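Input: a single structure, listed below in structure tokens.
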Amino acid sequence: MQATANLPAIWNLSLCGSSSKVHIVNPRHRKSHALHCLRSEGHEEFDNSQDNLGLSSITKEAKHKDIWNLFREAQKNILILNKQRLAAVEELEKLKNEKDELLERINQLEAESQIVIKKDKSSLFWELLLRIDSMVINGLINIEEASSLRKLVKEHEANISEFPLDVLQQGDADILAELRLFINKGKRNGLHVIHICTEMAPLVSVGPLASYITGLSSALQGEGYMVEVILPKYSTLDLDEIEGLREIEADAYSYFNGQLHANRIWNGVVSGIGVTLIQPVYYSSMFSRDKVYGYQDDFDRFAYFSRASLDYIAKSGKQPDVLHIHNWQTAIVGPLFWDVFVNQGLEGTRILLTCQDFDKGLVPPEKLELCGLDSAELHRLDRLQDNTNPHFVNILKGGVVYSNKVVIMSSSHSSIPGLEPTLAIHKDKLFFAPFGVDNSMEKDFCCDLHVSAYTSIKNL
């Protein structure tokens, strides 16, 4: 009892029903109970804290996931926008290119229009004449009407610029109708000259012949002559120098080696001079080479061209006053003209030969038969037989014999080596001109000399 009496007493009154009980609680028990209560409360708070932490982690993870989804969505949108931007840039570039192409085409059309507008009289004159050739070859008009139209155009040259330029862009039938209505306002005094040659500046140039052809033709046209040039269509020609180049859409045949062979015929204007190009079809390799001269078959090549030139002139109804041939390469035109073509509407035409190059062109007599000549008739001393090599024919000699006039261009005015006997016989045909025409005085002299030669030919 004493031990108990020393402890402080804690009264616990508990009412149960109608009775009351008094409990005395030991302080140690009370302390233990308080600690237990504290532990219980702490454990509950810890559990609540852990729960709160779990919820926070889940919330953060959800937020992180939402942010990542938004980022990926943004990336996707950026890629779509970039694609759309690139497509827009491509479309703009395409539109820009189309605009540039359109502007380029407009400029091209304007340039072409200016070319037509700025055609000089000589170019327009020749374009009309060459279209008449096309009309004849295509059967639109006959030779007689073609001849009349050419005379009409020649008489119009002084006021040719009055011809409506837009008609030139149309077909031959429209041009023909306009020509028939064209009023005669002027006259032409000079002769009609056709050069059959192998060079012409600036199209193809090997030696002095090229500049001679162009310079003489321009000078003669200044004197009132009508001058045109026929050339082979070499593969090396500078076609950019030809104004209004066009192919005649018709078959043009010429004789060679026992058969008729097709040729393509091209017309254009060079330095104000009408130019016709002849392109073999079957023998296409003849003029598709690296060089103009220097091949084993040079005679065959230029004999073909010479014959084709005459066939073209006859078929197109041209009636030139003078056929001007040059060196041995086209000298075969002389015998061909007088033996085959003179009675094909060319009775009033005469032949002028110019010799700048004194190569003779020696070939066996049977070679003459390739272009339709009779070798037995021509292999004679007074005709084509070479003076020093009797088993050969001399093509340059044949040109001298069969030409009405001969111009020898030499710095020393000497004779042609090996042809002295022939030239002595034909001395009344000869004219001598300086080899070079480098200055205006020489050009004037050369032009005057040829005018004299042409005039004397016409008076024959």
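Chain lettering (A, B, ...) mirrors the order of the structure tokens, residue numbering begins at 1 for each chain separately, and ligand numbering begins at 1 in order of display.
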Could you pull out the alpha helix (DSSP H) residues of range 164-214 of chain A from DSSP and send them as an NGL selection string?
:A and (172-181 or 208-214)
Write to file, as a PDB file, in the first residue's frame, the residues of the selection just made, with N, CA, C and O atoms.
ATOM      1  N   ASP A 172       3.532  29.644-151.081  1.00  0.00           N
ATOM      2  CA  ASP A 172       3.872  30.093-152.428  1.00  0.00           C
ATOM      3  C   ASP A 172       2.661  30.637-153.172  1.00  0.00           C
ATOM      4  O   ASP A 172       2.768  31.583-153.961  1.00  0.00           O
ATOM      5  N   ALA A 173       1.486  30.040-152.965  1.00  0.00           N
ATOM      6  CA  ALA A 173       0.273  30.477-153.681  1.00  0.00           C
ATOM      7  C   ALA A 173      -0.079  31.928-153.328  1.00  0.00           C
ATOM      8  O   ALA A 173      -0.449  32.719-154.207  1.00  0.00           O
ATOM      9  N   ASP A 174       0.064  32.294-152.037  1.00  0.00           N
ATOM     10  CA  ASP A 174      -0.240  33.670-151.617  1.00  0.00           C
ATOM     11  C   ASP A 174       0.770  34.651-152.202  1.00  0.00           C
ATOM     12  O   ASP A 174       0.415  35.751-152.621  1.00  0.00           O
ATOM     13  N   ILE A 175       2.040  34.247-152.201  1.00  0.00           N
ATOM     14  CA  ILE A 175       3.074  35.117-152.770  1.00  0.00           C
ATOM     15  C   ILE A 175       2.835  35.291-154.268  1.00  0.00           C
ATOM     16  O   ILE A 175       2.986  36.397-154.815  1.00  0.00           O
ATOM     17  N   LEU A 176       2.463  34.208-154.935  1.00  0.00           N
ATOM     18  CA  LEU A 176       2.192  34.277-156.369  1.00  0.00           C
ATOM     19  C   LEU A 176       1.053  35.249-156.660  1.00  0.00           C
ATOM     20  O   LEU A 176       1.145  36.079-157.596  1.00  0.00           O
ATOM     21  N   ALA A 177      -0.013  35.180-155.881  1.00  0.00           N
ATOM     22  CA  ALA A 177      -1.144  36.086-156.085  1.00  0.00           C
ATOM     23  C   ALA A 177      -0.718  37.545-155.912  1.00  0.00           C
ATOM     24  O   ALA A 177      -1.135  38.429-156.674  1.00  0.00           O
ATOM     25  N   GLU A 178       0.135  37.794-154.898  1.00  0.00           N
ATOM     26  CA  GLU A 178       0.591  39.166-154.655  1.00  0.00           C
ATOM     27  C   GLU A 178       1.504  39.650-155.775  1.00  0.00           C
ATOM     28  O   GLU A 178       1.427  40.817-156.200  1.00  0.00           O
ATOM     29  N   LEU A 179       2.362  38.767-156.273  1.00  0.00           N
ATOM     30  CA  LEU A 179       3.265  39.147-157.361  1.00  0.00           C
ATOM     31  C   LEU A 179       2.492  39.525-158.624  1.00  0.00           C
ATOM     32  O   LEU A 179       2.874  40.451-159.349  1.00  0.00           O
ATOM     33  N   ARG A 180       1.421  38.793-158.873  1.00  0.00           N
ATOM     34  CA  ARG A 180       0.636  39.075-160.072  1.00  0.00           C
ATOM     35  C   ARG A 180      -0.043  40.438-160.006  1.00  0.00           C
ATOM     36  O   ARG A 180      -0.419  41.012-161.039  1.00  0.00           O
ATOM     37  N   LEU A 181      -0.219  40.959-158.752  1.00  0.00           N
ATOM     38  CA  LEU A 181      -0.857  42.265-158.573  1.00  0.00           C
ATOM     39  C   LEU A 181       0.151  43.412-158.432  1.00  0.00           C
ATOM     40  O   LEU A 181      -0.236  44.581-158.385  1.00  0.00           O
ATOM     41  N   PRO A 208      41.455  32.420-152.348  1.00  0.00           N
ATOM     42  CA  PRO A 208      40.947  33.746-152.745  1.00  0.00           C
ATOM     43  C   PRO A 208      39.617  33.701-153.479  1.00  0.00           C
ATOM     44  O   PRO A 208      38.947  34.730-153.601  1.00  0.00           O
ATOM     45  N   LEU A 209      39.216  32.529-153.977  1.00  0.00           N
ATOM     46  CA  LEU A 209      37.952  32.444-154.708  1.00  0.00           C
ATOM     47  C   LEU A 209      36.770  32.885-153.848  1.00  0.00           C
ATOM     48  O   LEU A 209      35.849  33.542-154.342  1.00  0.00           O
ATOM     49  N   ALA A 210      36.792  32.548-152.566  1.00  0.00           N
ATOM     50  CA  ALA A 210      35.645  32.820-151.680  1.00  0.00           C
ATOM     51  C   ALA A 210      35.336  34.310-151.597  1.00  0.00           C
ATOM     52  O   ALA A 210      34.196  34.740-151.824  1.00  0.00           O
ATOM     53  N   SER A 211      36.339  35.112-151.270  1.00  0.00           N
ATOM     54  CA  SER A 211      36.116  36.563-151.151  1.00  0.00           C
ATOM     55  C   SER A 211      35.878  37.194-152.520  1.00  0.00           C
ATOM     56  O   SER A 211      35.156  38.194-152.634  1.00  0.00           O
ATOM     57  N   TYR A 212      36.477  36.614-153.558  1.00  0.00           N
ATOM     58  CA  TYR A 212      36.277  37.111-154.920  1.00  0.00           C
ATOM     59  C   TYR A 212      34.811  36.988-155.329  1.00  0.00           C
ATOM     60  O   TYR A 212      34.226  37.929-155.888  1.00  0.00           O
ATOM     61  N   ILE A 213      34.204  35.845-155.044  1.00  0.00           N
ATOM     62  CA  ILE A 213      32.801  35.627-155.404  1.00  0.00           C
ATOM     63  C   ILE A 213      31.896  36.637-154.713  1.00  0.00           C
ATOM     64  O   ILE A 213      31.053  37.294-155.343  1.00  0.00           O
ATOM     65  N   THR A 214      32.063  36.791-153.407  1.00  0.00           N
ATOM     66  CA  THR A 214      31.203  37.695-152.649  1.00  0.00           C
ATOM     67  C   THR A 214      31.427  39.151-153.034  1.00  0.00           C
ATOM     68  O   THR A 214      30.469  39.908-153.237  1.00  0.00           O
TER      69      THR A 214
END
Which residue out of A:Leu220, A:Leu384, A:Val227, A:Ala314 has the minimum interatomic distance to Val451 in chain A when only C-alpha atoms are used?
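Under the stated criterion, the closest residue is A:Leu220.
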List as a list in words the protein and nucleic acid residues near range 291-307 of chain A, meaning an atom at most 6 Å away when only C-alpha atoms are counted, but skip any in the same chain fewer than 2 places from it.
Met286, Arg289, Ser309, Leu310, Gln329, Thr330 and Val333 of chain A
If you run DSSP on the backbone, which residues of range 197-369 of chain A are strand (DSSP E), as a PyMOL selection string?
chain A and resi 226-232+243-247+252-256+259-270+273-280+322-326+350-355+362-363
When you look at Ser316 in chain A with a cut-off of 6 Å (counting only C-alpha atoms), what residues show up, excluding the ones that are within fewer than 3 positions of it in the same chain? I need them as a list in words.
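Close residues of Ser316 in chain A: Asp133, Val136, Ile137, Tyr312 and Ile313 of chain A.
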Could the residues in this selection be saved with C-alpha atoms as a PDB file, in the first residue's frame?
ATOM      1  CA  ASP A 133      12.106  28.847-158.167  1.00  0.00           C
ATOM      2  CA  VAL A 136       8.268  26.179-160.672  1.00  0.00           C
ATOM      3  CA  ILE A 137       9.748  23.057-159.074  1.00  0.00           C
ATOM      4  CA  TYR A 312      18.361  22.730-161.398  1.00  0.00           C
ATOM      5  CA  ILE A 313      18.693  25.866-163.553  1.00  0.00           C
TER       6      ILE A 313
END
Tell me which protein, DNA and RNA residues are within 12 Å of range 426-430 of chain A, counting only C-alpha atoms, leaving out same-chain ones fewer than 6 positions away, and put them as JSON, numbers by chain.
{"A": [351, 352, 353, 354, 355, 382, 383, 397, 398, 399, 400, 401, 402, 403, 404, 405, 406, 407, 408, 409, 413, 414, 415, 416, 419, 420, 449, 450, 452, 453, 454, 456, 457, 460]}
Please produce an output containing C-alpha atoms for each residue in the selection, written as a PDB file, in the first residue's frame.
ATOM      1  CA  ILE A 351      29.577  31.094-170.431  1.00  0.00           C
ATOM      2  CA  LEU A 352      32.350  33.024-168.634  1.00  0.00           C
ATOM      3  CA  LEU A 353      35.286  31.141-167.040  1.00  0.00           C
ATOM      4  CA  THR A 354      37.568  32.656-164.395  1.00  0.00           C
ATOM      5  CA  CYS A 355      40.953  31.005-163.725  1.00  0.00           C
ATOM      6  CA  ASP A 382      41.035  20.789-180.199  1.00  0.00           C
ATOM      7  CA  ARG A 383      38.686  20.015-177.313  1.00  0.00           C
ATOM      8  CA  LYS A 397      41.254  23.266-171.000  1.00  0.00           C
ATOM      9  CA  GLY A 398      37.694  22.178-171.743  1.00  0.00           C
ATOM     10  CA  GLY A 399      36.473  25.234-169.826  1.00  0.00           C
ATOM     11  CA  VAL A 400      38.624  27.523-171.953  1.00  0.00           C
ATOM     12  CA  VAL A 401      37.527  25.902-175.210  1.00  0.00           C
ATOM     13  CA  TYR A 402      33.800  25.869-174.356  1.00  0.00           C
ATOM     14  CA  SER A 403      33.529  29.302-172.700  1.00  0.00           C
ATOM     15  CA  ASN A 404      32.640  32.481-174.534  1.00  0.00           C
ATOM     16  CA  LYS A 405      35.043  34.570-172.457  1.00  0.00           C
ATOM     17  CA  VAL A 406      37.899  33.719-170.069  1.00  0.00           C
ATOM     18  CA  VAL A 407      39.258  35.897-167.256  1.00  0.00           C
ATOM     19  CA  ILE A 408      42.773  34.930-166.136  1.00  0.00           C
ATOM     20  CA  MET A 409      43.623  36.282-162.704  1.00  0.00           C
ATOM     21  CA  HIS A 413      49.425  38.329-166.226  1.00  0.00           C
ATOM     22  CA  SER A 414      51.188  35.217-167.453  1.00  0.00           C
ATOM     23  CA  SER A 415      49.611  32.398-169.390  1.00  0.00           C
ATOM     24  CA  ILE A 416      48.313  29.186-167.837  1.00  0.00           C
ATOM     25  CA  LEU A 419      47.729  25.616-171.921  1.00  0.00           C
ATOM     26  CA  GLU A 420      49.778  28.077-173.975  1.00  0.00           C
ATOM     27  CA  LEU A 449      36.696  44.325-166.234  1.00  0.00           C
ATOM     28  CA  HIS A 450      33.932  41.825-165.567  1.00  0.00           C
ATOM     29  CA  SER A 452      33.264  44.529-169.968  1.00  0.00           C
ATOM     30  CA  ALA A 453      33.496  40.736-170.191  1.00  0.00           C
ATOM     31  CA  TYR A 454      29.752  40.305-169.511  1.00  0.00           C
ATOM     32  CA  SER A 456      31.041  41.529-174.687  1.00  0.00           C
ATOM     33  CA  ILE A 457      29.463  38.116-174.029  1.00  0.00           C
ATOM     34  CA  LEU A 460      28.148  37.915-179.132  1.00  0.00           C
TER      35      LEU A 460
END
Go through A:Thr276, A:Ser375, A:Ser288, A:Asn394 and flag the residue nearest Trp328 in chain A, using only C-alpha atoms for the distances.
A:Asn394
